[in-house]
file work_19.txt (compact mmCIF, C-alpha atoms)
# COMPACT_ATOMS: atom_id res chain seq x y z
CA MET A 516 -4.96 -1.22 -18.68
CA ASP A 517 -5.61 2.47 -18.31
CA LEU A 518 -4.04 4.07 -15.26
CA LYS A 519 -5.53 7.40 -14.24
CA ILE A 520 -2.85 9.91 -13.30
CA LYS A 521 -3.20 13.47 -12.04
CA LYS A 522 -0.59 16.21 -12.24
CA LEU A 523 -0.27 18.00 -8.91
CA HIS A 524 2.55 20.25 -10.15
CA LYS A 525 2.77 21.94 -13.55
CA ASP A 526 6.29 20.57 -14.22
CA ALA A 527 5.47 16.97 -13.24
CA VAL A 528 6.39 14.39 -15.87
CA ILE A 529 3.82 11.75 -16.81
CA PRO A 530 5.60 8.36 -16.70
CA LYS A 531 5.80 6.10 -19.72
CA HIS A 532 7.17 2.71 -20.64
CA MET A 533 10.45 3.41 -22.47
CA HIS A 534 10.25 0.28 -24.68
CA ASP A 535 7.42 -1.94 -25.88
CA GLY A 536 7.07 -4.79 -23.42
CA ASP A 537 8.76 -3.02 -20.49
CA ALA A 538 7.25 -3.87 -17.12
CA GLY A 539 8.41 -0.66 -15.45
CA PHE A 540 7.76 3.02 -16.08
CA ASP A 541 9.93 5.82 -14.74
CA PHE A 542 9.10 8.50 -12.21
CA SER A 543 10.90 11.82 -12.62
CA SER A 544 11.78 14.76 -10.44
CA TYR A 545 10.04 18.04 -11.30
CA ASP A 546 12.65 20.16 -9.50
CA TYR A 547 16.33 20.26 -8.54
CA TYR A 548 17.62 18.40 -5.47
CA SER A 549 20.98 17.62 -3.91
CA ILE A 550 21.04 14.19 -2.32
CA HIS A 551 23.98 14.16 0.04
CA PRO A 552 25.64 10.93 1.14
CA TYR A 553 23.80 9.38 4.08
CA SER A 554 27.06 9.36 6.04
CA TYR A 555 27.09 13.17 5.73
CA ASP A 556 23.53 14.21 6.56
CA LYS A 557 21.90 11.00 7.94
CA LYS A 558 18.77 11.80 5.91
CA VAL A 559 16.30 9.86 3.87
CA HIS A 560 15.45 12.38 1.16
CA ARG A 561 11.83 12.59 0.03
CA ILE A 562 11.54 13.62 -3.61
CA PRO A 563 8.03 14.56 -4.76
CA THR A 564 6.93 13.51 -8.25
CA GLY A 565 4.04 15.96 -8.51
CA LEU A 566 1.79 13.03 -9.47
CA ALA A 567 -1.08 11.09 -7.95
CA VAL A 568 -2.48 7.88 -9.44
CA GLU A 569 -5.70 5.91 -9.27
CA ILE A 570 -4.69 2.27 -9.18
CA PRO A 571 -7.61 -0.07 -9.92
CA ILE A 572 -8.90 -2.31 -7.12
CA GLY A 573 -7.08 -5.65 -7.28
CA TYR A 574 -3.75 -4.05 -8.19
CA GLU A 575 -0.84 -2.33 -6.44
CA MET A 576 2.07 -0.28 -7.69
CA ASN A 577 5.53 -1.31 -6.57
CA VAL A 578 8.12 1.51 -6.58
CA ARG A 579 11.78 0.58 -6.75
CA ALA A 580 15.21 1.75 -7.81
CA ARG A 581 16.03 2.11 -11.51
CA SER A 582 18.67 -0.36 -12.66
CA GLY A 583 20.47 2.30 -14.73
CA LEU A 584 20.92 4.51 -11.67
CA SER A 585 22.24 1.53 -9.76
CA LEU A 586 25.29 1.56 -12.05
CA LYS A 587 26.07 5.21 -11.30
CA TYR A 588 25.04 5.08 -7.62
CA PRO A 589 25.58 1.41 -6.67
CA SER A 590 24.19 1.74 -3.17
CA TYR A 591 21.30 4.10 -3.74
CA ILE A 592 17.92 3.05 -2.42
CA ALA A 593 14.67 4.40 -3.87
CA THR A 594 11.23 3.44 -2.58
CA THR A 595 7.99 4.94 -1.40
CA GLY A 596 8.84 3.70 2.06
CA GLY A 597 7.67 0.11 1.94
CA GLY A 598 7.63 0.22 -1.84
CA THR A 599 3.91 -0.48 -2.30
CA VAL A 600 1.27 2.02 -3.34
CA ASP A 601 -2.18 0.60 -2.60
CA SER A 602 -5.24 1.04 -4.81
CA THR A 603 -6.93 3.17 -2.14
CA TYR A 604 -4.11 5.78 -1.93
CA ARG A 605 -4.76 9.05 -3.76
CA GLY A 606 -1.92 11.20 -2.45
CA GLU A 607 1.26 12.32 -4.17
CA ILE A 608 3.79 9.69 -5.16
CA ILE A 609 6.90 10.62 -3.18
CA ILE A 610 10.16 8.76 -3.71
CA SER A 611 12.32 8.19 -0.64
CA ILE A 612 16.00 8.14 -1.57
CA VAL A 613 19.03 7.17 0.49
CA ASN A 614 22.40 7.92 -1.06
CA ASN A 615 24.87 5.38 0.31
CA THR A 616 27.76 6.55 -1.88
CA ASN A 617 30.47 9.03 -0.89
CA LYS A 618 29.44 11.75 -3.36
CA THR A 619 26.47 14.11 -3.60
CA TRP A 620 23.89 13.18 -6.20
CA CYS A 621 22.53 16.24 -8.01
CA ILE A 622 19.06 15.51 -9.34
CA LYS A 623 17.99 17.79 -12.16
CA LYS A 624 14.50 18.72 -13.23
CA GLY A 625 13.15 15.84 -15.33
CA ASP A 626 15.68 13.24 -14.12
CA ARG A 627 14.21 9.75 -13.86
CA ILE A 628 14.67 8.71 -10.22
CA ALA A 629 12.66 5.52 -9.67
CA GLN A 630 10.42 3.09 -11.49
CA GLY A 631 6.93 1.80 -10.89
CA ILE A 632 5.45 -1.57 -11.78
CA ILE A 633 1.77 -2.48 -11.56
CA HIS A 634 0.99 -5.93 -10.13
CA SER A 635 -2.27 -7.74 -9.59
CA VAL A 636 -2.90 -8.73 -5.99
CA GLU A 637 -5.36 -10.93 -4.19
CA GLN A 638 -6.74 -10.31 -0.77
CA CYS A 639 -6.93 -13.36 1.43
CA GLU A 640 -8.79 -14.61 4.42
CA PHE A 641 -6.45 -15.56 7.26
CA LYS A 642 -7.06 -18.91 8.90
CA GLU A 643 -5.14 -19.64 12.08
CA VAL A 644 -3.85 -23.24 12.28
CA GLU A 645 -1.77 -25.27 14.71
CA GLU A 646 0.54 -26.75 12.05
CA LEU A 647 1.70 -25.90 8.53
CA THR A 648 2.39 -28.40 5.76
CA GLU A 649 6.02 -29.56 5.83
CA THR A 650 8.31 -28.94 2.84
CA LYS A 651 11.86 -29.93 1.94
CA ARG A 652 13.04 -26.36 2.59
CA GLY A 653 11.24 -26.13 5.91
CA ILE A 654 12.21 -23.06 7.95
CA GLY A 655 15.39 -22.37 5.91
CA GLY A 656 15.28 -18.67 5.10
CA PHE A 657 18.04 -16.12 4.81
CA GLY A 658 21.07 -17.78 3.24
CA SER A 659 19.52 -21.25 3.29
CA THR A 660 20.75 -21.95 -0.26
CA GLY A 661 24.39 -21.55 0.77
CA ILE A 662 24.95 -17.88 -0.03
CA TRP A 663 25.99 -17.26 3.57
CA GLU A 664 25.86 -19.15 6.82
CA PHE A 665 22.72 -18.56 8.86
CA GLN A 666 23.25 -17.90 12.53
CA SER A 667 20.33 -17.61 14.90
CA LEU A 668 20.14 -14.55 17.12
CA LYS A 669 19.68 -16.99 20.00
CA ASP A 670 23.20 -18.45 19.52

call {"tool": "encode", "arguments": {"input": "work_19.txt", "output": "structure tokens"}}
result
Amino acid sequence: MDLKIKKLHKDAVIPKHMHDGDAGFDFSSYDYYSIHPYSYDKKVHRIPTGLAVEIPIGYEMNVRARSGLSLKYPSYIATTGGGTVDSTYRGEIIISIVNNTNKTWCIKKGDRIAQGIIHSVEQCEFKEVEELTETKRGIGGFGSTGIWEFQSLKD
């Protein structure tokens, strides 16, 4: 698949898959930024990539944290907000970063800060019903496999 990409800043870095077969491709910073711990400045930092993309209809781009950065900054969060870039969006890809560590993260020009993955999506027609088909799992959601005990907010 060809993905059209436009540089909005002269120092923007065009992403690439680092290895054959990789699902993700890395977004980089085109400037220097200091990402202070959230406990210090209570900010979600918005890091521009200097790039805009044209995602084909029927696809979306999911933006998420890079696993390598998760080792250095175990609690960092990187998304575009909700994490999805729709096929109709033509604006700049901006990475929202929260630094939940206790040290400032200094991002240098060219540092890879997040990754994108292209997924196919289907649009659906919503049909309201009175009942849903029962399953063995039923309404068991958060923690229903025994990871932690679920407690209703009503209790």

call {"tool": "residues_around", "arguments": {"input": "work_19.txt", "residues": "Ile609 (chain A)", "least_positions_apart": "4", "cutoff": "8 Å", "atoms": "only C-alpha atoms", "output": "list in words"}}
result
Arg561, Ile562, Pro563, Thr564 and Thr595 of chain A

call {"tool": "residues_near_point", "arguments": {"input": "work_19.txt", "point": "(0.8, -2.6, -7.1)", "cutoff": "9 Å", "atoms": "only C-alpha atoms", "output": "list in words"}}
result
Ile570, Gly573, Tyr574, Glu575, Met576, Asn577, Val578, Thr599, Val600, Asp601, Ser602, Gly631, Ile632, Ile633, His634, Ser635 and Val636 of chain A

call {"tool": "atom_distance", "arguments": {"input": "work_19.txt", "atom1": "CA of Gly539 (chain A)", "atom2": "CA of Ala580 (chain A)"}}
result
10.5 Å

call {"tool": "closest_residue", "arguments": {"input": "work_19.txt", "among": "A:Arg627, A:Lys618, A:Lys557, A:His551", "to": "Arg579 (chain A)", "atoms": "only C-alpha atoms"}}
result
A:Arg627

call {"tool": "closest_residue", "arguments": {"input": "work_19.txt", "among": "A:Ile550, A:Val528, A:Leu518, A:Ile628", "to": "Val613 (chain A)", "atoms": "all atoms listed in the file"}}
result
A:Ile550

call {"tool": "residues_near_point", "arguments": {"input": "work_19.txt", "point": "(5.5, 11.8, -18.3)", "cutoff": "12 Å", "atoms": "all atoms listed in the file", "output": "list in words"}}
result
Ile520, Lys521, Lys522, Lys525, Asp526, Ala527, Val528, Ile529, Pro530, Lys531, His532, Met533, Phe540, Asp541, Phe542, Ser543, Ser544, Tyr545, Thr564, Gly565, Leu566, Gly625, Asp626 and Arg627 of chain A

call {"tool": "residues_around", "arguments": {"input": "work_19.txt", "residues": "Thr619 (chain A)", "least_positions_apart": "3", "cutoff": "12 Å", "atoms": "all atoms listed in the file", "output": "ChimeraX atom specification"}}
result
/A:548-556,587-588,591,613-616,622
